[in-house]
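A.B. asks: Contents of work.txt (compact mmCIF, C-alpha atoms) are below:
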# COMPACT_ATOMS: atom_id res chain seq x y z
CA MET A 668 80.75 69.52 106.99
CA GLU A 669 77.07 70.27 107.38
CA GLN A 670 76.43 67.12 109.30
CA SER A 671 75.93 67.28 113.05
CA LEU A 672 79.01 66.50 115.06
CA ALA A 673 79.30 64.11 117.97
CA VAL A 674 82.45 65.81 119.14
CA GLU A 675 84.73 68.55 117.94
CA LEU A 676 88.25 69.45 119.04
CA ARG A 677 89.35 73.02 118.36
CA GLY A 678 93.01 73.70 118.85
CA VAL A 679 93.23 71.30 121.79
CA VAL A 680 96.64 71.14 123.47
CA LYS A 681 97.89 68.96 126.32
CA ARG A 682 101.41 69.40 127.64
CA ARG A 683 103.18 66.40 129.08
CA ARG A 684 106.54 66.30 130.74
CA ARG A 685 108.26 64.80 127.73
CA LYS A 686 106.06 66.00 124.92
CA LYS A 687 103.26 68.18 123.74
CA ILE A 688 100.06 66.91 122.20
CA GLY A 689 98.25 69.19 119.78
CA PRO A 690 97.09 71.61 118.73
CA ILE A 691 94.47 69.16 117.51
CA HIS A 692 91.59 70.09 115.26
CA LEU A 693 89.12 67.32 114.66
CA GLN A 694 85.45 66.92 113.79
CA ILE A 695 83.78 63.59 114.46
CA PRO A 696 80.50 63.28 112.53
CA GLN A 697 77.58 61.72 114.36
CA GLY A 698 76.58 58.17 113.50
CA TYR A 699 79.91 57.07 112.06
CA VAL A 700 82.87 55.00 113.16
CA VAL A 701 86.13 56.91 113.24
CA ALA A 702 89.38 55.02 113.79
CA LEU A 703 92.38 56.76 115.34
CA VAL A 704 95.51 55.09 114.06
CA GLY A 705 99.17 55.82 114.69
CA SER A 706 102.22 54.50 116.46
CA ASN A 707 102.56 53.92 120.22
CA GLY A 708 102.80 57.13 122.17
CA SER A 709 101.46 59.27 119.35
CA GLY A 710 98.71 60.72 121.56
CA LYS A 711 95.63 58.64 120.74
CA SER A 712 94.83 57.67 124.33
CA THR A 713 95.34 61.22 125.56
CA MET A 714 92.88 62.44 122.94
CA LEU A 715 90.26 59.93 124.07
CA LYS A 716 90.76 60.85 127.72
CA MET A 717 90.33 64.53 126.95
CA ILE A 718 87.12 63.74 125.09
CA GLN A 719 85.94 61.68 128.06
CA ARG A 720 86.93 64.67 130.18
CA THR A 721 89.04 62.69 132.62
CA LEU A 722 91.87 64.89 131.36
CA GLN A 723 91.55 68.63 130.92
CA PRO A 724 93.18 70.17 127.89
CA ASP A 725 95.66 72.98 128.61
CA GLU A 726 94.42 74.95 125.64
CA GLY A 727 91.58 74.87 123.16
CA ASP A 728 87.95 73.77 123.28
CA ILE A 729 86.05 70.56 122.99
CA CYS A 730 82.40 70.54 121.92
CA TRP A 731 80.14 67.60 122.71
CA PHE A 732 77.10 67.25 120.45
CA GLY A 733 77.54 70.84 119.34
CA GLU A 734 78.12 72.45 122.73
CA ALA A 735 81.20 73.52 124.66
CA TYR A 736 81.07 73.68 128.45
CA ALA A 737 83.19 75.83 130.70
CA GLY A 738 84.29 74.02 133.86
CA GLU A 739 82.63 70.76 134.79
CA LEU A 740 80.97 68.71 132.10
CA PRO A 741 77.25 68.43 132.99
CA LEU A 742 76.22 65.00 134.24
CA GLU A 743 73.75 64.52 131.36
CA VAL A 744 76.60 64.85 128.88
CA HIS A 745 78.85 62.53 130.86
CA GLN A 746 76.10 59.96 130.88
CA GLN A 747 76.11 59.90 127.10
CA LEU A 748 79.80 59.10 126.89
CA GLY A 749 80.95 55.52 127.08
CA TYR A 750 84.62 54.85 127.57
CA VAL A 751 86.61 51.65 127.62
CA GLY A 752 90.21 52.38 128.51
CA GLU A 753 93.37 50.46 127.88
CA VAL A 754 93.72 49.57 131.53
CA PRO A 755 90.68 48.85 133.72
CA GLU A 756 90.04 51.03 136.77
CA SER A 757 91.53 49.48 139.88
CA GLU A 758 88.75 50.70 142.24
CA GLU A 759 86.44 47.97 141.10
CA SER A 760 88.94 45.14 141.20
CA LEU A 761 87.64 43.63 144.42
CA MET A 762 84.04 43.73 143.28
CA THR A 763 82.35 40.94 141.41
CA ALA A 764 80.98 41.68 137.97
CA GLU A 765 77.53 41.88 139.51
CA GLU A 766 78.58 44.38 142.20
CA ALA A 767 80.48 46.55 139.75
CA ALA A 768 77.49 46.59 137.42
CA ARG A 769 75.14 47.59 140.26
CA PHE A 770 77.55 50.35 141.28
CA ARG A 771 77.76 51.71 137.77
CA SER A 772 74.05 51.48 137.06
CA ARG A 773 73.33 54.21 139.67
CA TRP A 774 75.14 56.77 137.56
CA TYR A 775 73.36 56.04 134.34
CA PRO A 776 69.63 56.63 134.03
CA ALA A 777 69.57 54.82 130.69
CA TRP A 778 71.20 51.71 132.22
CA ASP A 779 69.90 48.61 130.49
CA GLU A 780 70.22 45.62 132.81
CA GLU A 781 68.68 43.23 130.32
CA ARG A 782 71.23 44.19 127.76
CA LEU A 783 74.08 43.75 130.21
CA GLN A 784 72.90 40.25 131.07
CA GLU A 785 72.58 39.38 127.42
CA LEU A 786 76.05 40.69 126.61
CA LEU A 787 77.74 38.97 129.54
CA HIS A 788 76.08 35.76 128.45
CA ARG A 789 77.10 36.28 124.84
CA PHE A 790 80.69 37.02 125.91
CA GLU A 791 80.70 34.22 128.50
CA VAL A 792 81.77 36.49 131.34
CA PRO A 793 81.33 34.95 134.84
CA TYR A 794 78.87 37.20 136.66
CA HIS A 795 79.78 36.30 140.23
CA GLU A 796 83.54 36.34 139.84
CA ARG A 797 85.67 39.10 141.26
CA LEU A 798 86.99 41.35 138.51
CA SER A 799 90.54 40.95 139.78
CA ARG A 800 90.29 37.18 139.32
CA MET A 801 89.19 37.36 135.74
CA SER A 802 91.52 36.85 132.83
CA LYS A 803 92.56 39.94 130.93
CA GLY A 804 90.16 39.10 128.14
CA GLU A 805 87.22 38.40 130.47
CA ARG A 806 87.79 41.67 132.27
CA ARG A 807 87.84 43.52 129.00
CA LYS A 808 84.65 41.86 127.86
CA PHE A 809 83.03 42.91 131.12
CA GLU A 810 84.18 46.51 130.58
CA ILE A 811 82.75 46.55 127.08
CA ALA A 812 79.44 44.99 128.14
CA ALA A 813 79.05 47.33 131.12
CA THR A 814 79.84 50.34 128.95
CA LEU A 815 77.31 49.35 126.31
CA ALA A 816 74.70 48.84 129.06
CA THR A 817 74.84 52.61 129.67
CA LYS A 818 73.52 53.16 126.13
CA PRO A 819 76.17 55.71 125.19
CA LYS A 820 75.72 58.11 122.31
CA LEU A 821 79.45 58.49 121.92
CA LEU A 822 81.52 55.39 122.47
CA LEU A 823 85.24 55.88 123.07
CA LEU A 824 87.24 52.67 122.76
CA ASP A 825 90.94 52.50 123.46
CA GLU A 826 92.24 49.38 121.74
CA PRO A 827 89.07 47.46 122.48
CA SER A 828 90.33 44.14 121.23
CA SER A 829 93.56 43.90 123.17
CA GLY A 830 93.53 40.66 125.14
CA LEU A 831 90.58 39.20 123.25
CA ASP A 832 90.82 35.84 121.54
CA PRO A 833 89.79 35.75 117.88
CA PHE A 834 86.32 34.40 118.71
CA ALA A 835 85.60 37.11 121.25
CA TRP A 836 87.00 39.64 118.78
CA LYS A 837 84.53 38.53 116.14
CA LYS A 838 81.69 38.78 118.66
CA LEU A 839 82.83 42.28 119.57
CA ILE A 840 82.83 43.42 115.96
CA ASP A 841 79.34 41.97 115.40
CA LEU A 842 78.14 43.55 118.60
CA LEU A 843 79.39 47.01 117.68
CA GLN A 844 77.86 46.52 114.26
CA ASP A 845 74.48 45.79 115.86
CA CYS A 846 74.75 48.88 118.06
CA LEU A 847 75.42 51.03 115.03
CA GLU A 848 72.47 49.49 113.28
CA GLU A 849 69.97 49.89 116.06
CA GLU A 850 71.03 53.03 117.87
CA ASP A 851 72.24 56.48 117.09
CA VAL A 852 75.76 55.85 118.35
CA THR A 853 79.07 57.31 117.23
CA ILE A 854 82.22 55.29 117.78
CA LEU A 855 85.70 56.70 118.12
CA LEU A 856 88.28 53.99 118.52
CA ALA A 857 92.03 53.91 118.86
CA THR A 858 93.40 50.76 117.32
CA HIS A 859 96.43 48.99 115.90
CA VAL A 860 94.43 46.16 114.41
CA ILE A 861 94.21 46.66 110.67
CA ASP A 862 91.34 44.24 110.31
CA GLU A 863 89.38 46.20 112.88
CA VAL A 864 89.81 49.32 110.79
CA LYS A 865 88.72 47.46 107.68
CA ARG A 866 85.67 45.89 109.26
CA LEU A 867 84.42 48.83 111.30
CA ALA A 868 85.71 52.23 110.31
CA ASP A 869 84.11 54.79 108.03
CA TYR A 870 86.75 57.45 108.57
CA ILE A 871 90.39 57.24 109.55
CA VAL A 872 92.42 59.79 111.48
CA LEU A 873 96.19 59.48 111.52
CA VAL A 874 97.71 60.60 114.80
CA HIS A 875 101.42 61.22 114.57
CA GLN A 876 103.71 62.80 117.14
CA GLY A 877 100.87 64.45 118.99
CA GLN A 878 99.16 65.81 115.90
CA ALA A 879 96.05 64.68 114.06
CA LEU A 880 97.34 64.71 110.50
CA GLY A 881 93.84 64.70 109.06
CA MET A 882 90.68 62.70 108.68
CA ILE A 883 89.77 60.87 105.51
CA GLU A 884 87.07 58.45 104.41
CA LYS A 885 88.43 54.93 104.60
CA ASP A 886 87.77 53.87 101.02
CA GLN A 887 89.21 57.09 99.69
CA LEU A 888 92.34 56.41 101.73
CA PHE A 889 92.67 52.89 100.33
CA ASP A 890 92.23 54.24 96.82
CA SER A 891 94.77 57.03 97.21
CA TRP A 892 97.91 55.25 96.01
CA ARG A 893 98.95 52.68 93.44
CA GLU A 894 102.12 50.68 93.18
CA VAL A 895 103.31 50.20 89.62
CA TRP A 896 105.90 47.54 88.79
CA VAL A 897 107.84 48.28 85.61
CA ARG A 898 110.38 46.42 83.54
CA SER A 899 113.25 48.86 83.37
CA ALA A 900 116.36 49.66 85.32
CA GLY A 901 117.22 53.07 86.64
CA VAL A 902 113.99 54.84 85.88
CA GLY A 903 114.43 58.47 86.81
CA MET A 904 111.79 60.20 88.86
CA LYS A 905 112.01 63.23 86.57
CA GLY A 906 108.97 63.79 84.45
CA LEU A 907 106.99 60.99 86.07
CA PRO A 908 103.72 62.54 87.24
CA GLY A 909 102.60 61.85 90.80
CA VAL A 910 105.43 59.46 91.64
CA VAL A 911 106.78 59.81 95.19
CA VAL A 912 108.79 56.63 95.66
CA ILE A 913 110.89 54.74 93.20
CA ARG A 914 112.86 51.63 94.05
CA GLU A 915 114.88 49.13 92.12
CA GLU A 916 113.72 45.68 93.11
CA GLY A 917 115.99 43.63 90.89
CA PRO A 918 117.77 43.68 87.58
CA SER A 919 115.62 45.80 85.29
CA LEU A 920 112.71 45.74 87.71
CA SER A 921 111.49 48.87 89.49
CA LYS A 922 108.63 49.73 91.74
CA LEU A 923 106.94 53.12 91.57
CA VAL A 924 104.46 54.49 94.09
CA VAL A 925 102.12 56.95 92.45
CA GLN A 926 99.18 59.06 93.58
CA GLU A 927 96.07 57.42 92.17
CA PRO A 928 94.76 60.54 90.38
CA HIS A 929 98.00 60.58 88.36
CA LEU A 930 97.94 56.89 87.44
CA ASP A 931 96.54 57.23 83.91
CA GLU A 932 98.91 60.06 83.16
CA LEU A 933 101.87 58.05 84.46
CA GLU A 934 100.96 54.99 82.41
CA GLN A 935 100.83 57.20 79.32
CA VAL A 936 104.25 58.66 80.02
CA LEU A 937 105.71 55.20 80.64
CA GLU A 938 104.23 53.89 77.43
CA ASN A 939 105.59 56.84 75.45
CA ASN A 940 109.03 56.08 76.83
CA GLY A 941 108.79 52.40 76.02
CA VAL A 942 108.72 51.29 79.66
CA GLN A 943 106.70 48.13 80.14
CA VAL A 944 104.22 48.03 83.02
CA LEU A 945 104.12 44.58 84.62
CA GLN A 946 101.58 45.02 87.36
CA THR A 947 99.60 47.63 89.23
CA ARG A 948 98.26 47.10 92.73
CA SER A 949 96.89 49.16 95.59
CA LEU A 950 98.80 49.64 98.83
CA GLU A 951 98.15 48.07 102.20
CA LEU A 952 96.94 50.31 104.99
CA GLU A 953 100.31 50.12 106.81
CA GLU A 954 102.10 51.28 103.68
CA ILE A 955 99.64 54.13 103.15
CA LEU A 956 100.03 55.30 106.75
CA GLU A 957 103.79 55.05 106.55
CA LEU A 958 103.85 57.28 103.49
CA TRP A 959 101.57 59.71 105.27
CA MET A 960 103.89 59.86 108.28
CA GLN A 961 106.79 60.47 105.92
CA GLY A 962 105.02 63.55 104.63
CA TYR A 963 103.04 62.15 101.71
CA PRO A 964 99.38 62.63 102.68
CA PRO A 965 96.79 60.71 100.67
CA ALA A 966 95.31 62.47 97.67
CA GLY A 967 91.92 63.90 98.45
CA LEU A 968 92.60 64.63 102.10
CA ALA A 969 89.95 67.13 103.14
CA GLY A 970 91.31 70.62 102.50
CA GLU A 971 90.71 71.90 105.99
CA ALA A 972 92.38 68.97 107.70
CA ALA A 973 95.30 69.12 105.30
CA THR A 974 96.15 72.68 106.21
CA TYR A 975 96.45 71.73 109.86
CA SER A 976 99.07 69.07 109.21
CA MET B 104 70.59 38.43 102.52
CA TRP B 105 74.08 37.75 101.28
CA ILE B 106 75.06 39.41 98.04
CA PRO B 107 77.84 37.67 96.10
CA ILE B 108 80.17 40.58 95.47
CA GLN B 109 83.87 39.89 95.20
CA ILE B 110 86.19 42.75 96.02
CA ASN B 111 89.59 42.61 94.44
CA GLU B 112 91.77 44.56 96.81
CA ASN B 113 94.61 44.61 94.34
CA SER B 114 92.59 45.90 91.46
CA ALA B 115 93.41 49.36 90.23
CA GLU B 116 89.66 49.93 89.92
CA PRO B 117 88.29 51.99 92.82
CA LEU B 118 86.26 50.07 95.39
CA TYR B 119 83.18 52.10 94.69
CA HIS B 120 83.19 51.13 91.00
CA GLN B 121 83.76 47.48 91.77
CA ILE B 122 80.76 47.33 94.09
CA GLU B 123 78.49 49.35 91.87
CA SER B 124 79.21 47.47 88.66
CA GLN B 125 78.91 44.07 90.30
CA LEU B 126 75.69 44.89 92.10
CA LYS B 127 74.30 46.34 88.92
CA SER B 128 75.05 43.24 86.89
CA LEU B 129 73.55 41.01 89.59
CA ILE B 130 70.33 43.01 89.38
CA VAL B 131 70.11 43.44 85.63
CA SER B 132 70.99 39.82 84.93
CA GLY B 133 68.18 38.78 87.25
CA GLN B 134 70.44 36.94 89.70
CA ILE B 135 68.92 39.09 92.41
CA GLU B 136 65.20 39.11 91.86
CA GLU B 137 62.83 42.01 91.86
CA GLY B 138 61.59 42.84 95.34
CA THR B 139 64.62 41.43 97.14
CA LEU B 140 65.46 43.34 100.31
CA LEU B 141 69.12 44.33 100.23
CA PRO B 142 71.24 44.39 103.39
CA SER B 143 71.23 47.60 105.41
CA ILE B 144 73.98 50.04 104.52
CA ARG B 145 75.95 49.28 107.69
CA GLU B 146 75.64 45.52 107.29
CA PHE B 147 76.69 45.58 103.65
CA ALA B 148 79.63 47.90 104.38
CA SER B 149 80.85 45.59 107.10
CA GLY B 150 80.66 42.55 104.85
CA LEU B 151 82.54 44.32 102.06
CA LYS B 152 84.98 45.96 104.49
CA CYS B 153 84.22 49.36 103.09
CA SER B 154 82.71 52.47 104.65
CA VAL B 155 78.99 53.20 104.88
CA ILE B 156 79.69 56.26 102.78
CA THR B 157 80.62 54.09 99.81
CA VAL B 158 77.60 51.79 100.11
CA ARG B 159 75.26 54.74 100.52
CA ARG B 160 76.67 56.24 97.35
CA VAL B 161 76.19 52.99 95.43
CA TYR B 162 72.60 52.61 96.65
CA GLN B 163 71.86 56.22 95.73
CA ASP B 164 73.34 55.86 92.26
CA LEU B 165 71.41 52.69 91.52
CA GLU B 166 68.28 54.23 92.91
CA ASN B 167 68.72 57.16 90.55
CA GLU B 168 69.08 54.68 87.70
CA GLY B 169 65.82 53.07 88.77
CA LEU B 170 67.34 49.73 89.73
CA LEU B 171 66.68 50.10 93.45
CA ARG B 172 63.97 51.74 95.51
CA THR B 173 64.01 52.70 99.15
CA LYS B 174 60.99 52.41 101.40
CA GLN B 175 61.23 54.63 104.44
CA GLY B 176 61.79 52.57 107.52
CA THR B 177 61.92 49.21 105.76
CA GLY B 178 65.00 49.31 103.59
CA THR B 179 66.27 49.16 100.05
CA PHE B 180 64.67 46.81 97.51
CA VAL B 181 65.50 45.68 94.01
CA ALA B 182 63.18 47.38 91.52
CA LYS B 183 61.74 45.94 88.34
CA VAL B 184 64.17 45.75 85.47
CA SER B 185 62.60 46.30 82.07
CA SER B 186 63.17 43.65 79.41
CA GLN B 187 64.82 46.29 77.27
CA GLU B 188 67.43 46.96 79.96
CA ARG B 189 67.97 43.25 80.39
CA ASP B 190 68.53 42.81 76.63
CA GLU B 191 70.93 45.72 76.52
CA TYR B 192 72.84 44.21 79.37
CA ARG B 193 73.02 40.77 77.76
CA GLU B 194 74.34 42.27 74.57
CA ALA B 195 76.89 44.38 76.41
CA VAL B 196 78.30 41.37 78.27
CA VAL B 197 78.60 39.22 75.15
CA LEU B 198 80.08 42.08 73.13
CA LYS B 199 82.73 42.66 75.78
CA ALA B 200 83.70 38.98 75.83
CA LEU B 201 83.92 38.82 72.03
CA GLU B 202 85.99 41.96 71.88
CA ALA B 203 88.41 40.53 74.42
CA ALA B 204 88.73 37.35 72.35
CA ILE B 205 89.35 39.30 69.16
CA ASP B 206 91.93 41.50 70.89
CA ALA B 207 93.74 38.40 72.08
CA ALA B 208 93.77 37.00 68.56
CA LYS B 209 95.02 40.29 67.10
CA SER B 210 97.84 40.54 69.59
CA LEU B 211 98.93 37.03 68.53
CA ASN B 212 98.84 38.02 64.85
CA TYR B 213 95.84 36.00 63.79
CA ASP B 214 94.35 37.23 60.56
CA GLU B 215 90.64 37.60 59.94
CA GLU B 216 90.22 34.35 58.04
CA GLU B 217 91.99 32.24 60.63
CA LEU B 218 89.92 33.76 63.39
CA ILE B 219 86.63 33.24 61.58
CA ARG B 220 87.60 29.62 60.97
CA LEU B 221 88.28 29.14 64.68
CA PHE B 222 85.09 30.93 65.61
CA MET B 223 82.98 28.70 63.35
CA GLN B 224 84.70 25.63 64.70
CA ILE B 225 83.81 26.52 68.27
CA MET B 226 80.27 27.49 67.27
CA GLU B 227 79.80 24.12 65.71
CA GLN B 228 81.06 22.29 68.79
CA ARG B 229 79.02 24.27 71.30
CA TYR B 230 75.76 24.76 69.44
CA LYS B 231 75.54 21.37 67.74
CA ALA B 232 75.97 19.54 71.00
CA THR B 233 72.88 21.04 72.54
I'd like the structure from this file rewritten - as structure tokens, please.

C.D. replies:
Amino acid sequence: MEQSLAVELRGVVKRRRRKKIGPIHLQIPQGYVVALVGSNGSGKSTMLKMIQRTLQPDEGDICWFGEAYAGELPLEVHQQLGYVGEVPESEESLMTAEEAARFRSRWYPAWDEERLQELLHRFEVPYHERLSRMSKGERRKFEIAATLATKPKLLLLDEPSSGLDPFAWKKLIDLLQDCLEEEDVTILLATHVIDEVKRLADYIVLVHQGQALGMIEKDQLFDSWREVWVRSAGVGMKGLPGVVVIREEGPSLSKLVVQEPHLDELEQVLENNGVQVLQTRSLELEEILELWMQGYPPAGLAGEAATYS
Amino acid sequence: MWIPIQINENSAEPLYHQIESQLKSLIVSGQIEEGTLLPSIREFASGLKCSVITVRRVYQDLENEGLLRTKQGTGTFVAKVSSQERDEYREAVVLKALEAAIDAAKSLNYDEEELIRLFMQIMEQRYKAT
């Protein structure tokens, strides 16, 4: 990738009592939205915390905007990172939104008070309420607004929409969209919400059992498989190009999952054997990710990333 | 500006092709007029639920074909479509529809004479009425 990188992980390892995360190799291109997806406990949050540098990796290097730093991360770099965690920090709980904002603003020279006010208004967050008295969703909206007020260049979001009602969710998506439009921001988000991936992401990274299994452009991922329904019982997998799953769904009805690049070839083979194709459709994201976790990576996974998996 | 593109998520046709061919026909058919400012890449991608990479590729392709032009700092506009291109497009659309109709007839074992008779019948109905 010739493009400049917002962040790069090189062989990053973090050992936990029960499990090991990494070694992770990952390159996040600047100006894009990258979604980290994967099951609970797969290591997404740990990755984000290491990138925010609230956790130190045990091995490997992380580069921010092209530079690695030994020891402490310089303040100027920290100031360019925005992070919204899964659980809000408890230190601020007794403060009102206003007090917490004033406290935070001292650490960020680029702090944009006008923007904060606008966002809190847009999100309908009570400004003079103590954070501990807010609902989960209100608190989260405050966190997001206060993070965006720091004008981050790299925005790390850990399940940003958890606790948000559908209306606030929509506002959040629009808001992030506006940020991407107007500023040179890179977004790395961990999420379970498929619609969030569809609406926001440019690239998708599958995190599975502490490993990043690779990064792929979203549309390429969606185009990587096809499901072919055929009228025939007991179709053998032998000689069917690119087919990885075959299932009988009823009397003389079978479902084949085929790698998209082999689709034409498969249809030819089926036709030659007198097997009737009833329907062809693409797979849902969940199905694609499931296949990937089972060891069937999408076709066209970047060569470098694929070798790490 | 909202561009009426319909993505069929279940189509076997790649997303990129769907967007490009639909946008192209909207431009060539004149449904989007010359000089129209298209949405920014990010905005369009969000609306279509695809990545900015795909939209950028579509814009670049259509720009190379002369259907779009990009002004630095302002955005991407619809370029002028020559009348020749428009005629070619019209013919291509009608040809495709006729071919589909003839294929349907063939698969149902219509012979040439029967089909011509039907064709003339429909022509009479549609063109006489107006």

A.B. asks: Go through B:Asn113, B:Asn212, B:Gln224, B:Thr179 and flag the residue nearest Tyr162 (chain B), using all atoms listed in the file for the distances.

C.D. replies: B:Thr179

A.B. asks: Which one is closest to chain A: B:Leu126, B:Ala208, B:Cys153, B:Ile108? Count all atoms listed in the file.

C.D. replies: B:Cys153

A.B. asks: Within 9 Å of chain A, which residues of chain B come that close, and what is the closest atom pair and distance in Å for each? Count all atoms listed in the file and give it as JSON lines.

C.D. replies:
{"residue": "B:Glu112", "atom": "CA", "partner": "A:Ser949", "partner_atom": "CA", "distance": 7.0}
{"residue": "B:Asn113", "atom": "CA", "partner": "A:Arg948", "partner_atom": "CA", "distance": 4.7}
{"residue": "B:Ser114", "atom": "CA", "partner": "A:Arg948", "partner_atom": "CA", "distance": 5.9}
{"residue": "B:Ala115", "atom": "CA", "partner": "A:Arg948", "partner_atom": "CA", "distance": 5.9}
{"residue": "B:Glu116", "atom": "CA", "partner": "A:Asp890", "partner_atom": "CA", "distance": 8.5}
{"residue": "B:Pro117", "atom": "CA", "partner": "A:Asp890", "partner_atom": "CA", "distance": 6.0}
{"residue": "B:Leu118", "atom": "CA", "partner": "A:Asp886", "partner_atom": "CA", "distance": 7.0}
{"residue": "B:Tyr119", "atom": "CA", "partner": "A:Asp886", "partner_atom": "CA", "distance": 8.0}
{"residue": "B:Ser143", "atom": "CA", "partner": "A:Glu848", "partner_atom": "CA", "distance": 8.2}
{"residue": "B:Ile144", "atom": "CA", "partner": "A:Glu848", "partner_atom": "CA", "distance": 8.9}
{"residue": "B:Arg145", "atom": "CA", "partner": "A:Glu848", "partner_atom": "CA", "distance": 6.6}
{"residue": "B:Glu146", "atom": "CA", "partner": "A:Gln844", "partner_atom": "CA", "distance": 7.4}
{"residue": "B:Ala148", "atom": "CA", "partner": "A:Arg866", "partner_atom": "CA", "distance": 8.0}
{"residue": "B:Ser149", "atom": "CA", "partner": "A:Arg866", "partner_atom": "CA", "distance": 5.3}
{"residue": "B:Gly150", "atom": "CA", "partner": "A:Arg866", "partner_atom": "CA", "distance": 7.5}
{"residue": "B:Leu151", "atom": "CA", "partner": "A:Arg866", "partner_atom": "CA", "distance": 8.0}
{"residue": "B:Lys152", "atom": "CA", "partner": "A:Arg866", "partner_atom": "CA", "distance": 4.8}
{"residue": "B:Cys153", "atom": "CA", "partner": "A:Asp886", "partner_atom": "CA", "distance": 6.1}
{"residue": "B:Ser154", "atom": "CA", "partner": "A:Asp869", "partner_atom": "CA", "distance": 4.3}
{"residue": "B:Val155", "atom": "CA", "partner": "A:Asp869", "partner_atom": "CA", "distance": 6.2}
{"residue": "B:Ile156", "atom": "CA", "partner": "A:Asp869", "partner_atom": "CA", "distance": 7.0}
{"residue": "B:Thr157", "atom": "CA", "partner": "A:Asp886", "partner_atom": "CA", "distance": 7.3}

A.B. asks: If we count only C-alpha atoms, what is near region 774-778 of chain A at a cut-off of 12 Å, once residues fewer than 6 positions away on the same chain are taken out, given as a list in words?

C.D. replies: Leu742, Glu743, Val744, His745, Gln746, Gln747, Leu748, Gly749, Ala767, Ala768, Gln784, Ala812, Ala813, Thr814, Leu815, Ala816, Thr817, Lys818, Pro819 and Lys820 of chain A

A.B. asks: Using all atoms listed in the file, which residue out of A:Lys837, A:Arg914, A:Arg898, A:Arg677 lies closest to Glu938 (chain A)?

C.D. replies: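 Ranking A:Lys837, A:Arg914, A:Arg898, A:Arg677 by distance to Glu938 (chain A), first place goes to A:Arg898.
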
A.B. asks: List every protein, DNA or RNA residue that has an atom no more than 7 Å from (68.7, 47.6, 98.7) in the file's coordinate frame, counting all atoms listed in the file, and report them as a list in words.

C.D. replies: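 It turns out the residues near that spot are Leu140, Leu141, Pro142, Tyr162, Leu171, Thr173, Gly178, Thr179, Phe180 and Val181 of chain B.
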
A.B. asks: Given all atoms listed in the file as the basis, pick out the residue of B:Tyr230, B:Gln109, B:Glu217, B:Ser132 nearest to Ser185 (chain B).

C.D. replies: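 So, comparing all the options, the nearest one is B:Ser132.
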